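my_file-v7.cif, holding mmCIF, C-alpha atoms:
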data_input
loop_
_atom_site.label_atom_id
_atom_site.label_comp_id
_atom_site.auth_asym_id
_atom_site.auth_seq_id
_atom_site.Cartn_x
_atom_site.Cartn_y
_atom_site.Cartn_z
CA MET A 1 -2.60 -66.92 59.77
CA SER A 2 0.50 -66.39 61.94
CA HIS A 3 -0.01 -69.86 63.45
CA ARG A 4 0.03 -71.28 59.89
CA ILE A 5 3.25 -69.47 58.98
CA SER A 6 4.87 -70.60 62.22
CA LEU A 7 3.90 -74.20 61.42
CA ILE A 8 5.37 -73.92 57.90
CA TYR A 9 8.65 -72.56 59.27
CA LYS A 10 8.83 -75.31 61.90
CA THR A 11 8.20 -77.94 59.23
CA LEU A 12 10.48 -76.53 56.54
CA LEU A 13 13.33 -75.21 58.69
CA PRO A 14 15.01 -78.61 59.26
CA PHE A 15 14.84 -79.39 55.51
CA MET A 16 16.26 -75.98 54.57
CA ALA A 17 19.08 -76.39 57.10
CA LEU A 18 19.87 -79.85 55.75
CA ALA A 19 19.89 -78.53 52.18
CA CYS A 20 22.30 -75.73 53.13
CA LEU A 21 24.60 -78.12 54.96
CA THR A 22 24.79 -80.60 52.08
CA MET A 23 25.36 -78.00 49.32
CA PRO A 24 28.99 -77.65 48.29
CA ALA A 25 30.44 -74.42 49.60
CA THR A 26 32.86 -72.40 47.53
CA THR A 27 35.42 -70.51 49.51
CA ALA A 28 36.95 -67.23 48.41
CA LYS A 29 40.25 -69.02 47.78
CA GLU A 30 38.58 -71.63 45.53
CA THR A 31 36.76 -68.92 43.60
CA LYS A 32 40.02 -67.06 43.01
CA VAL A 33 41.74 -70.20 41.71
CA LYS A 34 38.85 -71.03 39.39
CA SER A 35 38.68 -67.53 37.93
CA SER A 36 42.45 -67.25 37.49
CA LYS A 37 42.58 -70.60 35.65
CA SER A 38 39.88 -69.52 33.23
CA ALA A 39 41.63 -66.18 32.72
CA GLN A 40 44.99 -67.81 32.00
CA GLN A 41 46.12 -67.68 28.42
CA ILE A 42 48.11 -70.32 26.62
CA ASP A 43 51.73 -69.34 26.03
CA LEU A 44 52.47 -69.65 22.30
CA THR A 45 56.23 -69.21 22.79
CA GLY A 46 58.38 -71.65 20.87
CA SER A 47 59.57 -72.89 17.48
CA TYR A 48 57.16 -74.15 14.83
CA GLN A 49 58.11 -75.92 11.59
CA MET A 50 56.31 -76.65 8.33
CA ARG A 51 57.28 -78.88 5.41
CA SER A 52 55.07 -79.32 2.35
CA GLY A 53 56.58 -80.63 -0.86
CA LYS A 54 59.30 -78.21 -1.94
CA SER A 55 58.27 -75.62 0.64
CA ALA A 56 59.50 -75.34 4.21
CA GLY A 57 59.04 -72.80 6.95
CA LEU A 58 60.16 -71.85 10.43
CA LEU A 59 58.10 -69.71 12.80
CA LEU A 60 59.65 -68.40 16.02
CA MET A 61 57.39 -66.96 18.72
CA LYS A 62 58.43 -65.24 21.95
CA ARG A 63 56.01 -63.71 24.44
CA ILE A 64 56.80 -60.09 25.23
CA SER A 65 53.95 -59.52 27.67
CA GLY A 66 50.33 -60.58 27.96
CA GLU A 67 49.12 -61.44 24.47
CA LYS A 68 51.95 -59.65 22.62
CA TYR A 69 54.53 -61.77 20.85
CA ARG A 70 57.64 -61.17 18.81
CA PHE A 71 57.68 -63.39 15.73
CA LEU A 72 59.98 -64.33 12.89
CA LEU A 73 58.70 -66.30 9.90
CA ASN A 74 61.14 -67.74 7.36
CA SER A 75 59.96 -69.66 4.31
CA THR A 76 61.88 -71.37 1.53
CA TRP A 77 61.17 -73.05 -1.75
CA GLU A 78 63.68 -75.50 -3.24
CA GLY A 79 63.67 -76.13 -6.95
CA SER A 80 64.79 -79.24 -8.84
CA ASN A 81 68.20 -77.82 -9.73
CA GLU A 82 71.03 -77.65 -7.21
CA GLY A 83 71.19 -74.25 -5.56
CA GLN A 84 67.74 -73.25 -6.77
CA VAL A 85 66.37 -71.82 -3.52
CA ASN A 86 64.13 -68.84 -2.98
CA THR A 87 63.35 -67.36 0.43
CA GLY A 88 60.96 -65.03 2.18
CA GLU A 89 60.86 -63.53 5.63
CA ALA A 90 58.58 -61.50 7.86
CA ALA A 91 59.12 -60.30 11.41
CA GLY A 92 57.42 -58.07 13.91
CA ILE A 93 55.14 -57.87 16.92
CA ILE A 94 51.69 -59.46 16.88
CA ASN A 95 48.84 -59.34 19.37
CA CYS A 96 47.27 -62.81 19.72
CA GLN A 97 43.68 -62.77 20.89
CA ASN A 98 41.76 -66.03 21.18
CA GLY A 99 44.59 -67.77 19.31
CA ALA A 100 44.44 -65.49 16.26
CA ALA A 101 46.67 -62.67 15.04
CA SER A 102 47.59 -60.84 11.87
CA HIS A 103 50.58 -58.91 10.56
CA GLN A 104 50.61 -56.39 7.71
CA GLU A 105 53.69 -55.73 5.58
CA GLU A 106 54.04 -53.91 2.31
CA GLY A 107 52.32 -56.02 -0.32
CA PHE A 108 50.89 -58.81 1.85
CA LYS A 109 49.16 -59.67 5.10
CA LEU A 110 49.80 -62.73 7.27
CA PHE A 111 47.18 -64.46 9.41
CA PHE A 112 48.10 -66.73 12.32
CA MET A 113 45.64 -69.21 13.90
CA PHE A 114 46.95 -71.22 16.86
CA LYS A 115 45.34 -74.49 18.02
CA LYS A 116 46.88 -77.22 20.20
CA GLY A 117 50.51 -77.19 19.07
CA ILE A 118 49.78 -76.05 15.51
CA CYS A 119 49.83 -72.64 13.91
CA GLU A 120 48.01 -72.31 10.62
CA VAL A 121 49.58 -69.50 8.60
CA LYS A 122 47.75 -67.89 5.71
CA CYS A 123 48.95 -65.13 3.42
CA ASP A 124 46.58 -62.97 1.39
CA LYS A 125 49.20 -62.47 -1.40
CA PRO A 126 51.84 -65.23 -1.19
CA GLU A 127 53.47 -64.05 -4.42
CA ALA A 128 54.46 -60.82 -2.61
CA PHE A 129 55.93 -62.62 0.43
CA GLY A 130 59.30 -63.68 -0.99
CA GLY A 131 61.08 -64.99 -4.03
CA ILE A 132 59.45 -66.95 -6.86
CA ASN A 133 57.30 -69.87 -5.59
CA VAL A 134 57.86 -69.00 -1.91
CA ASN A 135 54.63 -69.50 -0.03
CA PRO A 136 54.52 -69.19 3.78
CA GLN A 137 51.07 -70.79 4.03
CA GLY A 138 50.68 -74.07 5.85
CA ASN A 139 50.37 -75.82 9.19
CA TYR A 140 53.39 -75.16 11.38
CA ARG A 141 53.82 -77.77 14.12
CA LEU A 142 55.27 -76.84 17.50
CA THR A 143 58.70 -78.49 17.75
CA SER A 144 59.95 -76.76 20.90
CA SER A 145 58.32 -74.73 23.67
CA LYS A 146 61.66 -73.18 24.56
CA ALA A 147 61.78 -69.41 24.08
CA PRO A 148 63.94 -68.49 21.08
CA SER A 149 67.04 -66.45 21.90
CA GLU A 150 67.47 -62.89 20.67
CA ALA A 151 70.24 -64.17 18.37
CA GLU A 152 67.73 -66.45 16.60
CA PHE A 153 65.59 -63.42 15.78
CA MET A 154 68.63 -61.67 14.26
CA GLU A 155 69.67 -64.47 11.88
#
Show me the file's structure as structure tokens.
Amino acid sequence: MSHRISLIYKTLLPFMALACLTMPATTAKETKVKSSKSAQQIDLTGSYQMRSGKSAGLLLMKRISGEKYRFLLNSTWEGSNEGQVNTGEAAGIINCQNGAASHQEEGFKLFFMFKKGICEVKCDKPEAFGGINVNPQGNYRLTSSKAPSEAEFME
């Protein structure tokens, strides 16, 4: 029996060595790079704009740390008559996980869904968001990846 095992090892050893030599090796450095790339999160910082009929909106996003962002959402509705403009605004800190976040204010809740340069904003009670006909819902397109200044959040 030991002669048989010895024969198998002698026959298989060169093939096993060849297989090991031809397999791609992953170094510790390569493994670290691969894992850090998959762990990286997309930075949502920037300015997003929406225009839909008589409604318009501006969403400012600025990363605070990790997945936490400061946001400011302004929406307007313009009527047919000159000067007929109603506005709504929400601001705060949101925690974006897997491209989604929400923000609760008195009377309404906002939902943010980020995908490839677009943020879809939904509001559970748009009538409570701002003035008459103001609706923050829509697809906000990324117009600038530059971080908004603190002054822009104060306006």
Could you list the residues chosen by the PyMOL selection byres ((chain A and resi 154) around 12) in this structure as an mmCIF file with C-alpha atoms, in the frame of the given file?
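Result saved to part-v1.cif:
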data_model
loop_
_atom_site.group_PDB
_atom_site.id
_atom_site.type_symbol
_atom_site.label_atom_id
_atom_site.label_comp_id
_atom_site.auth_asym_id
_atom_site.auth_seq_id
_atom_site.Cartn_x
_atom_site.Cartn_y
_atom_site.Cartn_z
ATOM 1 C CA LEU A 60 59.650 -68.400 16.020
ATOM 2 C CA ARG A 70 57.640 -61.170 18.810
ATOM 3 C CA PHE A 71 57.680 -63.390 15.730
ATOM 4 C CA LEU A 72 59.980 -64.330 12.890
ATOM 5 C CA LEU A 73 58.700 -66.300 9.900
ATOM 6 C CA ASN A 74 61.140 -67.740 7.360
ATOM 7 C CA GLU A 89 60.860 -63.530 5.630
ATOM 8 C CA ALA A 90 58.580 -61.500 7.860
ATOM 9 C CA ALA A 91 59.120 -60.300 11.410
ATOM 10 C CA GLY A 92 57.420 -58.070 13.910
ATOM 11 C CA PRO A 148 63.940 -68.490 21.080
ATOM 12 C CA SER A 149 67.040 -66.450 21.900
ATOM 13 C CA GLU A 150 67.470 -62.890 20.670
ATOM 14 C CA ALA A 151 70.240 -64.170 18.370
ATOM 15 C CA GLU A 152 67.730 -66.450 16.600
ATOM 16 C CA PHE A 153 65.590 -63.420 15.780
ATOM 17 C CA GLU A 155 69.670 -64.470 11.880
#
Just say which residues the PyMOL selection byres ((chain A and resi 128-136) around 9) picks in this file, as a PDB file with C-alpha atoms, in the coordinates of the input.
ATOM      1  CA  MET A  50      56.310 -76.650   8.330  1.00  0.00           C
ATOM      2  CA  SER A  55      58.270 -75.620   0.640  1.00  0.00           C
ATOM      3  CA  ALA A  56      59.500 -75.340   4.210  1.00  0.00           C
ATOM      4  CA  GLY A  57      59.040 -72.800   6.950  1.00  0.00           C
ATOM      5  CA  LEU A  73      58.700 -66.300   9.900  1.00  0.00           C
ATOM      6  CA  ASN A  74      61.140 -67.740   7.360  1.00  0.00           C
ATOM      7  CA  SER A  75      59.960 -69.660   4.310  1.00  0.00           C
ATOM      8  CA  THR A  76      61.880 -71.370   1.530  1.00  0.00           C
ATOM      9  CA  TRP A  77      61.170 -73.050  -1.750  1.00  0.00           C
ATOM     10  CA  GLU A  78      63.680 -75.500  -3.240  1.00  0.00           C
ATOM     11  CA  VAL A  85      66.370 -71.820  -3.520  1.00  0.00           C
ATOM     12  CA  ASN A  86      64.130 -68.840  -2.980  1.00  0.00           C
ATOM     13  CA  THR A  87      63.350 -67.360   0.430  1.00  0.00           C
ATOM     14  CA  GLY A  88      60.960 -65.030   2.180  1.00  0.00           C
ATOM     15  CA  GLU A  89      60.860 -63.530   5.630  1.00  0.00           C
ATOM     16  CA  ALA A  90      58.580 -61.500   7.860  1.00  0.00           C
ATOM     17  CA  GLU A 105      53.690 -55.730   5.580  1.00  0.00           C
ATOM     18  CA  GLU A 106      54.040 -53.910   2.310  1.00  0.00           C
ATOM     19  CA  GLY A 107      52.320 -56.020  -0.320  1.00  0.00           C
ATOM     20  CA  PHE A 108      50.890 -58.810   1.850  1.00  0.00           C
ATOM     21  CA  LYS A 109      49.160 -59.670   5.100  1.00  0.00           C
ATOM     22  CA  LEU A 110      49.800 -62.730   7.270  1.00  0.00           C
ATOM     23  CA  VAL A 121      49.580 -69.500   8.600  1.00  0.00           C
ATOM     24  CA  LYS A 122      47.750 -67.890   5.710  1.00  0.00           C
ATOM     25  CA  CYS A 123      48.950 -65.130   3.420  1.00  0.00           C
ATOM     26  CA  LYS A 125      49.200 -62.470  -1.400  1.00  0.00           C
ATOM     27  CA  PRO A 126      51.840 -65.230  -1.190  1.00  0.00           C
ATOM     28  CA  GLU A 127      53.470 -64.050  -4.420  1.00  0.00           C
ATOM     29  CA  GLN A 137      51.070 -70.790   4.030  1.00  0.00           C
ATOM     30  CA  GLY A 138      50.680 -74.070   5.850  1.00  0.00           C
TER      31      GLY A 138
END
Quiz item: Once you count only C-alpha atoms, which residues end up no further than 6 Å from (46.5, -58.9, 22.6) in the file's frame, shown as a ChimeraX atom specification?
Solution: /A:67-68,95-97
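Atom pair atom CA of A:Ser144 / atom CA of A:Asn98: separated by 21.1 Å.
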Quiz item: Mind pulling up the distance from atom CA of A:Asp124 to atom CA of A:Lys146?
Solution: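 Distance between the two atoms: 29.5 Å.
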Exercise. May I ask for the distance between atom CA of A:Gln49 and atom CA of A:Phe111, given in Å to one decimal place?
Key: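 So the two atoms, atom CA of A:Gln49 and atom CA of A:Phe111, lie 16.0 Å apart.
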Quiz item: Hey, which of A:Gly46, A:Tyr140, A:Gly83, A:Ile93 ends up closest to A:Met113? Count only C-alpha atoms.
Solution: A:Tyr140
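Nearest residue to A:Ile64, choosing from A:Ile118, A:Leu142, A:Ile94, A:Ala100 and counting only C-alpha atoms: A:Ile94.
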Exercise. Choose the residue, out of A:Ala147, A:Ala101, A:Cys119, A:Ile42, that has the smallest atom-to-atom separation from A:Leu59; count only C-alpha atoms.
Key: A:Cys119
